[in-house]
>>> print(open('target.pdb').read())   # PDB, C-alpha atoms
ATOM      1  CA  LEU M   1       0.000   0.000   0.000
ATOM      2  CA  GLY M   2       2.841   2.352   0.856
ATOM      3  CA  LEU M   3       4.511   1.878  -2.517
ATOM      4  CA  GLU M   4       1.193   2.209  -4.318
ATOM      5  CA  PHE M   5       0.403   5.484  -2.537
ATOM      6  CA  THR M   6       3.919   6.811  -3.212
ATOM      7  CA  GLN M   7       3.609   5.947  -6.890
ATOM      8  CA  LYS M   8       0.236   7.737  -7.195
ATOM      9  CA  VAL M   9       1.499  10.905  -5.508
ATOM     10  CA  MET M  10       4.634  11.031  -7.666
ATOM     11  CA  LYS M  11       2.601  10.532 -10.855
ATOM     12  CA  THR M  12       0.118  13.255  -9.811
ATOM     13  CA  PHE M  13       2.813  15.919  -9.248
ATOM     14  CA  PRO M  14       5.574  14.993 -11.745
ATOM     15  CA  THR M  15       7.247  18.425 -11.843
ATOM     16  CA  ASP M  16       7.087  19.290  -8.140
ATOM     17  CA  THR M  17      10.663  18.781  -6.917
ATOM     18  CA  SER M  18       9.770  18.747  -3.223
ATOM     19  CA  ILE M  19       7.067  16.117  -3.649
ATOM     20  CA  GLN M  20       9.330  13.993  -5.854
ATOM     21  CA  LYS M  21      12.096  14.134  -3.255
ATOM     22  CA  ILE M  22       9.637  13.138  -0.513
ATOM     23  CA  GLY M  23       8.337  10.330  -2.748
ATOM     24  CA  CYS M  24      11.874   9.044  -3.254
ATOM     25  CA  PHE M  25      12.517   9.208   0.479
ATOM     26  CA  SER M  26       9.307   7.293   1.176
ATOM     27  CA  ALA M  27      10.141   4.585  -1.359
ATOM     28  CA  ARG M  28      13.656   4.196   0.105
ATOM     29  CA  LYS M  29      12.256   3.743   3.608
ATOM     30  CA  ILE M  30       9.726   1.168   2.427
ATOM     31  CA  ALA M  31      12.458  -0.688   0.549
ATOM     32  CA  THR M  32      14.674  -0.723   3.647
ATOM     33  CA  LEU M  33      11.872  -2.074   5.831
ATOM     34  CA  ALA M  34      10.980  -4.706   3.227
ATOM     35  CA  GLN M  35      14.588  -5.891   3.067
ATOM     36  CA  LYS M  36      14.849  -6.115   6.844
ATOM     37  CA  SER M  37      11.688  -8.216   7.025
ATOM     38  CA  ASN M  38      12.694 -10.256   3.960
ATOM     39  CA  THR M  39       9.479  -9.188   2.203
ATOM     40  CA  SER M  40       9.195  -9.387  -1.582
ATOM     41  CA  LEU M  41       7.425  -6.444  -3.227
ATOM     42  CA  ASP M  42       6.718  -5.600  -6.851
ATOM     43  CA  ILE M  43       8.836  -2.487  -7.450
ATOM     44  CA  SER M  44       7.745  -2.010 -11.064
ATOM     45  CA  SER M  45       4.894   0.374 -10.260
ATOM     46  CA  VAL M  46       7.077   2.908  -8.472
ATOM     47  CA  MET M  47      10.123   2.566 -10.752
ATOM     48  CA  LEU M  48       8.535   4.382 -13.702
ATOM     49  CA  PRO M  49       7.607   7.628 -11.869
ATOM     50  CA  ILE M  50      11.109   7.725 -10.355
ATOM     51  CA  LEU M  51      12.670   7.459 -13.808
ATOM     52  CA  ASP M  52      10.227  10.078 -15.106
ATOM     53  CA  ALA M  53      11.200  12.438 -12.280
ATOM     54  CA  GLN M  54      14.860  11.924 -13.089
ATOM     55  CA  SER M  55      14.198  12.836 -16.711
ATOM     56  CA  LEU M  56      11.937  15.829 -16.016
ATOM     57  CA  LEU M  57      13.746  17.434 -13.086
ATOM     58  CA  GLY M  58      17.324  16.583 -13.997
ATOM     59  CA  VAL M  59      20.094  17.530 -11.601
ATOM     60  CA  GLN M  60      17.659  18.490  -8.826
ATOM     61  CA  ILE M  61      16.530  14.905  -8.304
ATOM     62  CA  GLN M  62      19.269  12.703  -9.761
ATOM     63  CA  LYS M  63      20.979  11.709  -6.523
ATOM     64  CA  ASP M  64      17.655  11.000  -4.764
ATOM     65  CA  SER M  65      16.288   8.965  -7.649
ATOM     66  CA  LEU M  66      19.427   6.813  -8.068
ATOM     67  CA  ASP M  67      19.623   6.131  -4.323
ATOM     68  CA  THR M  68      15.953   5.121  -4.367
ATOM     69  CA  ILE M  69      16.380   2.820  -7.363
ATOM     70  CA  TRP M  70      19.369   1.178  -5.658
ATOM     71  CA  ALA M  71      17.327   0.617  -2.489
ATOM     72  CA  LEU M  72      14.397  -0.813  -4.459
ATOM     73  CA  MET M  73      16.622  -3.188  -6.393
ATOM     74  CA  GLY M  74      17.938  -4.513  -3.107
ATOM     75  CA  MET M  75      14.588  -6.304  -2.757
ATOM     76  CA  LYS M  76      15.675  -8.625  -5.621
ATOM     77  CA  TRP M  77      12.437  -8.202  -7.571
ATOM     78  CA  GLU M  78      12.969  -9.170 -11.211
ATOM     79  CA  LEU M  79      12.083  -6.252 -13.453
ATOM     80  CA  ARG M  80      10.361  -6.823 -16.764
ATOM     81  CA  PRO M  81      12.757  -6.688 -19.752
ATOM     82  CA  GLU M  82      11.519  -3.294 -20.968
ATOM     83  CA  GLU M  83      11.874  -1.859 -17.447
ATOM     84  CA  LEU M  84      15.425  -3.158 -17.084
ATOM     85  CA  ARG M  85      16.370  -1.680 -20.463
ATOM     86  CA  GLU M  86      14.852   1.712 -19.628
ATOM     87  CA  LEU M  87      16.536   1.732 -16.225
ATOM     88  CA  THR M  88      19.926   0.943 -17.762
ATOM     89  CA  VAL M  89      19.682   3.619 -20.470
ATOM     90  CA  CYS M  90      18.496   6.228 -17.974
ATOM     91  CA  THR M  91      21.299   5.396 -15.510
ATOM     92  CA  VAL M  92      23.953   5.519 -18.238
ATOM     93  CA  GLU M  93      22.741   8.958 -19.329
ATOM     94  CA  THR M  94      22.612  10.304 -15.787
ATOM     95  CA  VAL M  95      26.034   8.986 -14.795
ATOM     96  CA  LYS M  96      27.617  10.195 -18.018
ATOM     97  CA  MET M  97      26.043  13.632 -17.572
ATOM     98  CA  ASN M  98      27.695  13.946 -14.144
ATOM     99  CA  SER M  99      30.965  12.213 -15.002
ATOM    100  CA  GLY M 100      32.980  15.292 -15.901
ATOM    101  CA  ILE M 101      34.141  13.472 -19.041
ATOM    102  CA  SER M 102      31.113  14.013 -21.294
ATOM    103  CA  SER M 103      30.242  16.799 -23.712
ATOM    104  CA  SER M 104      27.537  18.102 -21.331
ATOM    105  CA  GLY M 105      30.013  20.530 -19.788
ATOM    106  CA  ARG M 106      28.911  19.617 -16.272
ATOM    107  CA  SER M 107      31.500  19.140 -13.587
ATOM    108  CA  PHE M 108      32.171  15.810 -11.903
ATOM    109  CA  ARG M 109      29.683  14.879  -9.168
ATOM    110  CA  GLY M 110      31.087  12.011  -7.171
ATOM    111  CA  ASP M 111      27.909  11.425  -5.169
ATOM    112  CA  VAL M 112      25.718  10.954  -8.264
ATOM    113  CA  VAL M 113      28.326   8.822 -10.023
ATOM    114  CA  THR M 114      28.707   6.595  -6.941
ATOM    115  CA  SER M 115      24.947   6.020  -6.764
ATOM    116  CA  GLY M 116      24.842   5.256 -10.482
ATOM    117  CA  MET M 117      27.664   2.739 -10.179
ATOM    118  CA  ALA M 118      25.766   1.050  -7.328
ATOM    119  CA  VAL M 119      22.732   0.719  -9.608
ATOM    120  CA  PHE M 120      24.905  -0.772 -12.371
ATOM    121  CA  ALA M 121      26.245  -3.338  -9.899
ATOM    122  CA  ASP M 122      22.687  -4.412  -9.045
ATOM    123  CA  ILE M 123      21.591  -4.459 -12.687
ATOM    124  CA  PHE M 124      24.266  -7.093 -13.316
ATOM    125  CA  ALA M 125      23.678  -9.109 -10.145
ATOM    126  CA  GLU M 126      22.519 -11.870 -12.513
ATOM    127  CA  PRO M 127      24.926 -11.112 -15.365
ATOM    128  CA  VAL M 128      23.887 -13.734 -17.910
ATOM    129  CA  HIS M 129      20.216 -12.760 -17.625
ATOM    130  CA  ALA M 130      20.978  -9.026 -17.723
ATOM    131  CA  VAL M 131      23.210  -9.330 -20.800
ATOM    132  CA  ARG M 132      20.573 -11.394 -22.598
ATOM    133  CA  VAL M 133      17.855  -8.826 -21.846
ATOM    134  CA  LEU M 134      19.909  -5.694 -22.520
ATOM    135  CA  GLY M 135      21.849  -6.810 -25.577
ATOM    136  CA  MET M 136      25.551  -6.286 -26.140
ATOM    137  CA  GLN M 137      25.236  -2.705 -27.383
ATOM    138  CA  LYS M 138      23.842  -1.444 -24.059
ATOM    139  CA  VAL M 139      26.217  -3.633 -22.063
ATOM    140  CA  GLU M 140      29.158  -2.232 -24.012
ATOM    141  CA  ARG M 141      28.079   1.302 -23.111
ATOM    142  CA  VAL M 142      28.049   0.389 -19.429
ATOM    143  CA  ILE M 143      31.464  -1.297 -19.504
ATOM    144  CA  GLU M 144      33.044   1.601 -21.392
ATOM    145  CA  LEU M 145      31.525   4.123 -18.971
ATOM    146  CA  VAL M 146      32.562   2.201 -15.851
ATOM    147  CA  LEU M 147      36.169   1.874 -17.019
ATOM    148  CA  SER M 148      36.284   5.498 -18.199
ATOM    149  CA  LEU M 149      35.203   6.624 -14.737
ATOM    150  CA  ILE M 150      37.798   4.449 -13.013
ATOM    151  CA  TYR M 151      40.487   5.995 -15.207
ATOM    152  CA  ALA M 152      39.075   9.498 -14.612
ATOM    153  CA  CYS M 153      39.246   8.998 -10.837
ATOM    154  CA  LEU M 154      42.816   7.745 -11.153
ATOM    155  CA  ASP M 155      43.910  10.600 -13.409
ATOM    156  CA  LYS M 156      42.111  13.758 -12.292
ATOM    157  CA  PHE M 157      39.175  13.452  -9.886
ATOM    158  CA  GLY M 158      40.980  11.918  -6.918
ATOM    159  CA  ASN M 159      40.262   8.718  -5.099
ATOM    160  CA  HIS M 160      36.613   7.737  -4.657
ATOM    161  CA  PRO M 161      36.681   4.275  -3.025
ATOM    162  CA  PHE M 162      32.986   3.554  -3.535
ATOM    163  CA  ILE M 163      33.237   4.275  -7.256
ATOM    164  CA  PHE M 164      36.077   1.768  -7.471
ATOM    165  CA  SER M 165      34.236  -0.766  -5.322
ATOM    166  CA  PHE M 166      30.958  -0.652  -7.263
ATOM    167  CA  GLY M 167      32.814  -0.425 -10.565
ATOM    168  CA  PHE M 168      34.836  -3.515  -9.668
ATOM    169  CA  SER M 169      31.584  -5.303  -8.766
ATOM    170  CA  VAL M 170      30.263  -4.630 -12.283
ATOM    171  CA  LEU M 171      33.468  -5.917 -13.895
ATOM    172  CA  GLN M 172      33.657  -8.938 -11.597
ATOM    173  CA  ARG M 173      30.136 -10.023 -12.487
ATOM    174  CA  LEU M 174      30.532  -9.432 -16.215
ATOM    175  CA  CYS M 175      33.746 -11.488 -16.317
ATOM    176  CA  ASN M 176      31.377 -14.472 -16.225
ATOM    177  CA  VAL M 177      30.178 -13.685 -19.756
ATOM    178  CA  ASN M 178      32.622 -14.363 -22.604
ATOM    179  CA  ASP M 179      31.679 -11.422 -24.809
ATOM    180  CA  CYS M 180      31.854  -9.064 -21.816
ATOM    181  CA  HIS M 181      35.218 -10.541 -20.841
ATOM    182  CA  ASN M 182      36.545  -9.384 -24.232
ATOM    183  CA  LEU M 183      35.002  -5.920 -23.892
ATOM    184  CA  ILE M 184      36.614  -5.419 -20.477
ATOM    185  CA  LEU M 185      39.983  -6.209 -22.046
ATOM    186  CA  ARG M 186      39.303  -3.964 -25.044
ATOM    187  CA  PHE M 187      38.507  -0.923 -22.909
ATOM    188  CA  GLY M 188      41.646  -1.280 -20.776
ATOM    189  CA  GLY M 189      40.261  -3.298 -17.894
ATOM    190  CA  ILE M 190      43.583  -4.859 -16.867
ATOM    191  CA  VAL M 191      45.410  -1.594 -16.217
ATOM    192  CA  ALA M 192      42.310   0.005 -14.686
ATOM    193  CA  VAL M 193      41.966  -2.821 -12.155
ATOM    194  CA  ILE M 194      45.672  -2.969 -11.265
ATOM    195  CA  ASP M 195      45.981   0.806 -10.899
ATOM    196  CA  GLY M 196      42.717   0.883  -8.930
ATOM    197  CA  MET M 197      44.086  -1.740  -6.548
ATOM    198  CA  THR M 198      47.332   0.227  -6.158
ATOM    199  CA  ALA M 199      45.455   3.457  -5.414
ATOM    200  CA  ASN M 200      43.296   1.712  -2.790
ATOM    201  CA  GLY M 201      45.842  -0.539  -1.124
ATOM    202  CA  GLY M 202      44.224  -0.307   2.290
ATOM    203  CA  ASN M 203      40.706  -1.145   1.106
ATOM    204  CA  ALA M 204      40.149  -4.888   1.576
ATOM    205  CA  ASN M 205      36.912  -4.901  -0.412
ATOM    206  CA  ILE M 206      38.578  -3.433  -3.500
ATOM    207  CA  GLN M 207      41.598  -5.730  -3.154
ATOM    208  CA  GLU M 208      39.423  -8.850  -2.942
ATOM    209  CA  LYS M 209      37.412  -7.874  -6.029
ATOM    210  CA  GLY M 210      40.527  -6.796  -7.913
ATOM    211  CA  CYS M 211      42.273 -10.152  -7.388
ATOM    212  CA  ASN M 212      39.098 -11.954  -8.425
ATOM    213  CA  ILE M 213      38.836  -9.934 -11.653
ATOM    214  CA  LEU M 214      42.492 -10.509 -12.556
ATOM    215  CA  ARG M 215      42.098 -14.239 -11.948
ATOM    216  CA  ARG M 216      38.970 -14.410 -14.108
ATOM    217  CA  LEU M 217      40.484 -12.365 -16.929
ATOM    218  CA  ALA M 218      43.649 -14.487 -16.937
ATOM    219  CA  ALA M 219      42.093 -17.892 -16.409
ATOM    220  CA  TYR M 220      42.242 -19.339 -19.909
ATOM    221  CA  HIS M 221      44.502 -17.088 -21.970
ATOM    222  CA  LEU M 222      48.309 -17.123 -21.839
ATOM    223  CA  GLU M 223      48.587 -13.760 -23.588
ATOM    224  CA  ILE M 224      46.321 -12.106 -21.017
ATOM    225  CA  LYS M 225      48.309 -13.628 -18.158
ATOM    226  CA  LEU M 226      51.507 -12.162 -19.571
ATOM    227  CA  THR M 227      49.834  -8.764 -20.038
ATOM    228  CA  ILE M 228      48.764  -8.756 -16.384
ATOM    229  CA  VAL M 229      52.290  -9.661 -15.291
ATOM    230  CA  GLU M 230      53.805  -6.938 -17.496
ATOM    231  CA  SER M 231      51.308  -4.404 -16.081
ATOM    232  CA  ASP M 232      52.571  -5.010 -12.507
ATOM    233  CA  GLY M 233      49.689  -7.305 -11.629
ATOM    234  CA  VAL M 234      51.972  -9.613  -9.627
ATOM    235  CA  ASP M 235      53.229  -6.657  -7.571
ATOM    236  CA  ALA M 236      49.633  -5.636  -6.828
ATOM    237  CA  VAL M 237      48.747  -9.151  -5.631
ATOM    238  CA  LEU M 238      51.883  -9.512  -3.473
ATOM    239  CA  ASN M 239      51.353  -6.071  -1.887
ATOM    240  CA  ASN M 240      47.787  -7.112  -1.225
ATOM    241  CA  MET M 241      48.984 -10.228   0.628
ATOM    242  CA  MET M 242      51.312  -8.165   2.792
ATOM    243  CA  THR M 243      48.735  -5.507   3.670
ATOM    244  CA  HIS M 244      45.760  -7.815   4.264
ATOM    245  CA  SER M 245      47.451 -10.946   5.596
ATOM    246  CA  ALA M 246      44.757 -11.486   8.244
ATOM    247  CA  ASN M 247      41.783 -11.075   5.900
ATOM    248  CA  GLU M 248      40.636 -14.539   4.831
ATOM    249  CA  ALA M 249      38.532 -13.416   1.857
ATOM    250  CA  VAL M 250      41.304 -11.226   0.433
ATOM    251  CA  ILE M 251      44.044 -13.816   0.945
ATOM    252  CA  SER M 252      41.981 -16.574  -0.648
ATOM    253  CA  GLU M 253      41.512 -14.507  -3.822
ATOM    254  CA  ALA M 254      45.157 -13.375  -3.788
ATOM    255  CA  CYS M 255      46.500 -16.936  -3.536
ATOM    256  CA  SER M 256      44.206 -18.028  -6.347
ATOM    257  CA  ALA M 257      45.260 -15.103  -8.552
ATOM    258  CA  LEU M 258      48.924 -15.782  -7.837
ATOM    259  CA  SER M 259      48.631 -19.421  -8.881
ATOM    260  CA  VAL M 260      47.015 -18.373 -12.174
ATOM    261  CA  LEU M 261      49.776 -15.824 -12.823
ATOM    262  CA  CYS M 262      52.651 -18.338 -12.357
ATOM    263  CA  VAL M 263      52.694 -18.470 -16.113
ATOM    264  CA  ASP M 264      56.381 -18.719 -17.058
ATOM    265  CA  LYS M 265      59.750 -19.324 -15.435
ATOM    266  CA  GLN M 266      60.676 -15.651 -15.391
ATOM    267  CA  THR M 267      57.460 -14.732 -13.572
ATOM    268  CA  ARG M 268      57.814 -17.600 -11.111
ATOM    269  CA  THR M 269      61.390 -16.551 -10.334
ATOM    270  CA  PHE M 270      60.264 -12.951  -9.852
ATOM    271  CA  ILE M 271      57.499 -14.044  -7.441
ATOM    272  CA  ILE M 272      59.996 -16.050  -5.395
ATOM    273  CA  GLN M 273      62.518 -13.197  -5.321
ATOM    274  CA  GLN M 274      59.816 -10.772  -4.179
ATOM    275  CA  GLY M 275      59.010 -12.953  -1.169
ATOM    276  CA  GLY M 276      56.061 -14.786  -2.658
ATOM    277  CA  VAL M 277      56.965 -18.069  -0.966
ATOM    278  CA  LEU M 278      57.148 -16.425   2.434
ATOM    279  CA  LEU M 279      53.815 -14.704   1.867
ATOM    280  CA  LEU M 280      52.173 -17.981   0.848
ATOM    281  CA  GLU M 281      53.659 -19.779   3.858
ATOM    282  CA  ASN M 282      52.427 -16.988   6.098
ATOM    283  CA  ALA M 283      48.935 -17.216   4.581
ATOM    284  CA  MET M 284      48.806 -20.970   5.205
ATOM    285  CA  GLU M 285      49.950 -20.531   8.794
ATOM    286  CA  ILE M 286      47.565 -17.681   9.665
ATOM    287  CA  HIS M 287      44.582 -19.311   7.962
ATOM    288  CA  ILE M 288      45.262 -22.892   8.956
ATOM    289  CA  GLY M 289      41.523 -23.524   9.292
ATOM    290  CA  SER M 290      40.668 -22.426   5.752
ATOM    291  CA  SER M 291      40.789 -25.364   3.367
ATOM    292  CA  LEU M 292      40.342 -23.006   0.413
ATOM    293  CA  ILE M 293      43.418 -20.943   1.314
ATOM    294  CA  GLN M 294      45.422 -24.087   1.983
ATOM    295  CA  GLU M 295      44.457 -25.437  -1.437
ATOM    296  CA  ASN M 296      45.053 -22.194  -3.357
ATOM    297  CA  ALA M 297      48.361 -21.462  -1.617
ATOM    298  CA  LEU M 298      49.571 -25.012  -2.162
ATOM    299  CA  ASP M 299      48.711 -24.795  -5.868
ATOM    300  CA  ALA M 300      50.811 -21.639  -6.134
ATOM    301  CA  LEU M 301      53.731 -23.176  -4.193
ATOM    302  CA  CYS M 302      53.761 -26.272  -6.383
ATOM    303  CA  LEU M 303      53.823 -24.126  -9.532
ATOM    304  CA  LEU M 304      56.586 -21.913  -8.127
ATOM    305  CA  SER M 305      58.758 -24.940  -7.435
ATOM    306  CA  SER M 306      58.125 -26.661 -10.763
ATOM    307  CA  ASP M 307      61.188 -25.346 -12.556
ATOM    308  CA  ALA M 308      62.932 -23.115 -10.021
ATOM    309  CA  ASP M 309      66.730 -23.105  -9.856
ATOM    310  CA  SER M 310      68.164 -25.370  -7.161
ATOM    311  CA  GLU M 311      69.685 -22.356  -5.430
ATOM    312  CA  ILE M 312      66.274 -20.720  -5.143
ATOM    313  CA  LEU M 313      64.746 -23.920  -3.835
ATOM    314  CA  LEU M 314      67.458 -24.242  -1.190
ATOM    315  CA  THR M 315      67.378 -20.624  -0.003
ATOM    316  CA  SER M 316      63.581 -20.600   0.287
ATOM    317  CA  ASN M 317      61.459 -22.917   2.381
ATOM    318  CA  ILE M 318      59.324 -23.866  -0.574
ATOM    319  CA  ILE M 319      59.879 -27.655  -0.329
ATOM    320  CA  LYS M 320      59.207 -27.627   3.405
ATOM    321  CA  SER M 321      55.991 -25.669   2.855
ATOM    322  CA  ILE M 322      54.737 -28.099   0.216
ATOM    323  CA  LYS M 323      55.456 -31.067   2.492
TER     324      LYS M 323
END
>>> encode(input="target.pdb", output="structure tokens")
Amino acid sequence: LGLEFTQKVMKTFPTDTSIQKIGCFSARKIATLAQKSNTSLDISSVMLPILDAQSLLGVQIQKDSLDTIWALMGMKWELRPEELRELTVCTVETVKMNSGISSSGRSFRGDVVTSGMAVFADIFAEPVHAVRVLGMQKVERVIELVLSLIYACLDKFGNHPFIFSFGFSVLQRLCNVNDCHNLILRFGGIVAVIDGMTANGGNANIQEKGCNILRRLAAYHLEIKLTIVESDGVDAVLNNMMTHSANEAVISEACSALSVLCVDKQTRTFIIQQGGVLLLENAMEIHIGSSLIQENALDALCLLSSDADSEILLTSNIIKSIK
């Protein structure tokens, strides 16, 4: 009833900014309560007037409308295909308008961009379904925009951790789809992820997602593995293991990424020389109760020892660790 009333009021006064803001606030509160009580509600009826308000009132309502859409999508209601397409197009336009990198002439608004990136992350919560509904043209626009914003934050807008975190969530989910995997690579995803990890070294959430993305991008392609290594991906993973040694989720992803990146003798030697064996041993000792970390770390240690020089094997404890 609350959502129905909110939808009627917003449709009755479409150009009244105050009423639209109150309507957005009301819908957010209802969404929060529904999530807490694990209640499923049809959000379709209220989604349209929110998108209409965003289109009609522009900058005055953009932050409120995106925050409301994000809250509503947290209820995991499956939108109809036409609604999902309209939502995606509208969010792309709004984020781009406030990105500071479009022809609109507007300055960068980190709060609006962050909310838009959060909506993108929810749109692709079920990536295969979303890609099928949206089509590759719309998906390509999202990927290009997400990576452009990550680069823009790295180059000129300063660090915005939530933009990186939500942006990494989008990339992580779309790595599951082959065509999207290729688009991420085409728009510079490898360097964007590695540089994003480096800029946010203390943020465990970003480090976990970053390692996961690198592992997924590298999983089946030798050339991509070598590109990640050449782009300082190994350094990013090793630094991650040093900074977040006690974080089980981060270390699990880091060990897995490291094992995938042990691609050639030169890289394996570099990992050993940079203390990779010690970091893997440390991970196994700290997280003795995690079978996943034990397995991933052991995989990496076995690969590191496969063709290492005898001197390296003797000066490190790699054999002892494997035993």
>>> resolve_selection(input="target.pdb", expression="the PyMOL selection byres ((chain M and resi 77) around 10)", output="list in words")
Ser40, Leu41, Asp42, Ile43, Ser44, Leu72, Met73, Gly74, Met75, Lys76, Glu78, Leu79 and Arg80 of chain M
>>> write_last_selection(input="target.pdb", atoms="C-alpha atoms", output="PDB file, in the coordinates of the input")
ATOM      1  CA  SER M  40       9.195  -9.387  -1.582  1.00  0.00           C
ATOM      2  CA  LEU M  41       7.425  -6.444  -3.227  1.00  0.00           C
ATOM      3  CA  ASP M  42       6.718  -5.600  -6.851  1.00  0.00           C
ATOM      4  CA  ILE M  43       8.836  -2.487  -7.450  1.00  0.00           C
ATOM      5  CA  SER M  44       7.745  -2.010 -11.064  1.00  0.00           C
ATOM      6  CA  LEU M  72      14.397  -0.813  -4.459  1.00  0.00           C
ATOM      7  CA  MET M  73      16.622  -3.188  -6.393  1.00  0.00           C
ATOM      8  CA  GLY M  74      17.938  -4.513  -3.107  1.00  0.00           C
ATOM      9  CA  MET M  75      14.588  -6.304  -2.757  1.00  0.00           C
ATOM     10  CA  LYS M  76      15.675  -8.625  -5.621  1.00  0.00           C
ATOM     11  CA  GLU M  78      12.969  -9.170 -11.211  1.00  0.00           C
ATOM     12  CA  LEU M  79      12.083  -6.252 -13.453  1.00  0.00           C
ATOM     13  CA  ARG M  80      10.361  -6.823 -16.764  1.00  0.00           C
TER      14      ARG M  80
END
>>> resolve_selection(input="target.pdb", expression="the PyMOL selection byres ((chain M and resi 141-154) around 8)", output="mmCIF file with C-alpha atoms, in the coordinates of the input")
data_model
loop_
_atom_site.group_PDB
_atom_site.id
_atom_site.type_symbol
_atom_site.label_atom_id
_atom_site.label_comp_id
_atom_site.auth_asym_id
_atom_site.auth_seq_id
_atom_site.Cartn_x
_atom_site.Cartn_y
_atom_site.Cartn_z
ATOM 1 C CA VAL M 92 23.953 5.519 -18.238
ATOM 2 C CA LYS M 96 27.617 10.195 -18.018
ATOM 3 C CA SER M 99 30.965 12.213 -15.002
ATOM 4 C CA ILE M 101 34.141 13.472 -19.041
ATOM 5 C CA MET M 117 27.664 2.739 -10.179
ATOM 6 C CA PHE M 120 24.905 -0.772 -12.371
ATOM 7 C CA GLN M 137 25.236 -2.705 -27.383
ATOM 8 C CA LYS M 138 23.842 -1.444 -24.059
ATOM 9 C CA VAL M 139 26.217 -3.633 -22.063
ATOM 10 C CA GLU M 140 29.158 -2.232 -24.012
ATOM 11 C CA ASP M 155 43.910 10.600 -13.409
ATOM 12 C CA LYS M 156 42.111 13.758 -12.292
ATOM 13 C CA PHE M 157 39.175 13.452 -9.886
ATOM 14 C CA GLY M 158 40.980 11.918 -6.918
ATOM 15 C CA ASN M 159 40.262 8.718 -5.099
ATOM 16 C CA HIS M 160 36.613 7.737 -4.657
ATOM 17 C CA ILE M 163 33.237 4.275 -7.256
ATOM 18 C CA PHE M 164 36.077 1.768 -7.471
ATOM 19 C CA GLY M 167 32.814 -0.425 -10.565
ATOM 20 C CA LEU M 171 33.468 -5.917 -13.895
ATOM 21 C CA LEU M 183 35.002 -5.920 -23.892
ATOM 22 C CA ILE M 184 36.614 -5.419 -20.477
ATOM 23 C CA PHE M 187 38.507 -0.923 -22.909
ATOM 24 C CA GLY M 188 41.646 -1.280 -20.776
ATOM 25 C CA GLY M 189 40.261 -3.298 -17.894
ATOM 26 C CA ALA M 192 42.310 0.005 -14.686
ATOM 27 C CA ASP M 195 45.981 0.806 -10.899
ATOM 28 C CA GLY M 196 42.717 0.883 -8.930
ATOM 29 C CA ALA M 199 45.455 3.457 -5.414
#
>>> closest_residue(input="target.pdb", among="M:Glu230, M:Glu253, M:Asp67, M:Glu86", to="M:Asn296", atoms="only C-alpha atoms")
M:Glu253
>>> residues_around(input="target.pdb", residues="M:Met136", least_positions_apart="6", cutoff="12 Å", atoms="all atoms listed in the file", output="list in words")
Arg85, Pro127, Val128, His129, Ala130, Val142, Ile143, Glu144, Leu174, Val177, Asn178, Asp179, Cys180, His181, Asn182 and Leu183 of chain M
>>> closest_residue(input="target.pdb", among="M:Gln274, M:Phe166, M:Ala125, M:Val131", to="M:Val113", atoms="only C-alpha atoms")
M:Phe166
>>> atom_distance(input="target.pdb", atom1="atom CA of M:Arg28", atom2="atom CA of M:Phe124")
20.5 Å
>>> residues_near_point(input="target.pdb", point="(7.9, 7.2, -2.8)", cutoff="8 Å", atoms="all atoms listed in the file", output="JSON, numbers by chain")
{"M": [2, 3, 5, 6, 7, 9, 10, 20, 22, 23, 24, 25, 26, 27, 28, 46]}
>>> closest_residue(input="target.pdb", among="M:Glu208, M:Asp122, M:Asp264, M:Glu4", to="M:Leu304", atoms="all atoms listed in the file")
M:Asp264
